[in-house]
>>> print(open('coords.csv').read())   # CSV, C-alpha atoms
chain,number,residue,atom,x,y,z
D,1,MET,CA,101.1,41.7,67.8
D,2,GLU,CA,99.8,45.2,67.1
D,3,GLU,CA,96.3,45.6,65.8
D,4,PHE,CA,95.2,48.2,63.2
D,5,LYS,CA,91.5,48.9,62.8
D,6,ILE,CA,90.5,50.1,59.4
D,7,GLN,CA,88.6,53.4,59.6
D,8,ASP,CA,84.8,53.1,59.6
D,9,GLY,CA,83.4,53.5,56.1
D,10,PHE,CA,86.5,52.0,54.4
D,11,GLU,CA,87.0,48.4,53.5
D,12,TYR,CA,90.8,48.4,53.1
D,13,ILE,CA,94.0,50.3,53.5
D,14,GLN,CA,96.9,50.3,51.1
D,15,LEU,CA,100.1,48.6,52.2
D,16,ASN,CA,102.3,51.6,51.6
D,17,GLN,CA,99.9,53.9,53.5
D,18,LEU,CA,99.8,51.5,56.5
D,19,LEU,CA,103.6,51.5,56.9
D,20,LYS,CA,103.7,55.3,56.8
D,21,LEU,CA,100.7,55.8,59.1
D,22,LEU,CA,102.1,53.4,61.7
D,23,GLY,CA,105.5,55.3,61.6
D,24,LEU,CA,107.4,52.2,60.4
D,25,VAL,CA,109.0,54.3,57.7
D,26,ASP,CA,109.8,58.0,57.3
D,27,SER,CA,108.1,58.6,54.0
D,28,GLY,CA,105.9,57.1,51.4
D,29,GLY,CA,108.9,56.8,49.1
D,30,GLU,CA,110.7,54.7,51.7
D,31,ALA,CA,107.6,52.5,52.1
D,32,ASN,CA,107.4,51.9,48.4
D,33,GLN,CA,111.1,51.0,48.2
D,34,ARG,CA,111.0,48.6,51.1
D,35,ILE,CA,108.0,46.9,49.6
D,36,LEU,CA,109.7,46.6,46.3
D,37,ASN,CA,112.8,45.2,48.0
D,38,GLY,CA,110.7,42.3,49.4
D,39,GLU,CA,111.0,43.4,53.0
D,40,VAL,CA,107.2,43.1,53.8
D,41,ILE,CA,105.4,39.9,54.4
D,42,VAL,CA,101.6,39.7,54.0
D,43,ASN,CA,99.8,36.6,55.1
D,44,SER,CA,103.1,34.6,55.1
D,45,CYS,CA,104.1,35.6,51.6
D,46,VAL,CA,106.6,38.3,50.4
D,47,GLU,CA,104.5,41.2,49.0
D,48,ILE,CA,105.8,43.5,46.3
D,49,GLN,CA,102.6,45.3,45.4
D,50,LYS,CA,103.0,48.8,46.9
D,51,ARG,CA,99.3,49.5,46.9
D,52,LYS,CA,98.2,46.0,48.0
D,53,LYS,CA,94.7,46.4,49.5
D,54,LEU,CA,94.8,45.1,53.1
D,55,ARG,CA,91.5,44.0,54.6
D,56,SER,CA,90.3,42.7,57.9
D,57,GLY,CA,92.0,39.5,58.8
D,58,ASP,CA,95.3,40.2,56.9
D,59,GLN,CA,98.6,39.7,58.8
D,60,ILE,CA,101.6,41.9,58.1
D,61,GLU,CA,105.2,41.4,59.2
D,62,PHE,CA,107.8,44.1,58.8
D,63,GLN,CA,111.2,44.5,60.5
D,64,GLY,CA,110.2,42.0,63.3
D,65,LYS,CA,106.9,43.8,63.9
D,66,TYR,CA,103.6,42.0,63.4
D,67,ILE,CA,100.4,43.8,62.5
D,68,SER,CA,96.9,42.4,62.4
D,69,ILE,CA,94.3,44.2,60.3
D,70,GLN,CA,90.9,44.5,62.0
>>> encode(input="coords.csv", output="structure tokens")
Amino acid sequence: MEEFKIQDGFEYIQLNQLLKLLGLVDSGGEANQRILNGEVIVNSCVEIQKRKKLRSGDQIEFQGKYISIQ
């Protein structure tokens, strides 16, 4: 499982930004489309909110990859 640490001074990162930042998608548009297609799981539930605020403790699954937010 990969860990992602939220930058100091911030309390969350948006789901679409996380996918792009980690290089799991090529663009923000692709991130948005994959989220809307129901391809992303957050805390064991399909997530379709593009800008879902991810906070410490959240677990993300996308294309067989697991990410833990720290």
>>> closest_residue(input="coords.csv", among="D:Val40, D:Arg51, D:Ile35, D:Leu18", to="Ile6 of chain D", atoms="all atoms listed in the file")
D:Leu18
>>> atom_distance(input="coords.csv", atom1="atom CA of Gly64 of chain D", atom2="atom CA of Phe10 of chain D")
27.2 Å
>>> residues_around(input="coords.csv", residues="Gln59 of chain D", least_positions_apart="3", cutoff="10 Å", atoms="only C-alpha atoms", output="list in words")
Met1, Glu3, Ile41, Val42, Asn43, Ser44, Cys45, Leu54, Arg55, Ser56, Tyr66, Ile67, Ser68, Ile69 and Gln70 of chain D
>>> atom_distance(input="coords.csv", atom1="atom CA of Leu15 of chain D", atom2="atom CA of Lys65 of chain D")
14.4 Å
>>> atom_distance(input="coords.csv", atom1="atom CA of Gln49 of chain D", atom2="atom CA of Glu2 of chain D")
21.9 Å
>>> closest_residue(input="coords.csv", among="D:Glu39, D:Ile48, D:Lys5, D:Asn16", to="Glu61 of chain D", atoms="all atoms listed in the file")
D:Glu39
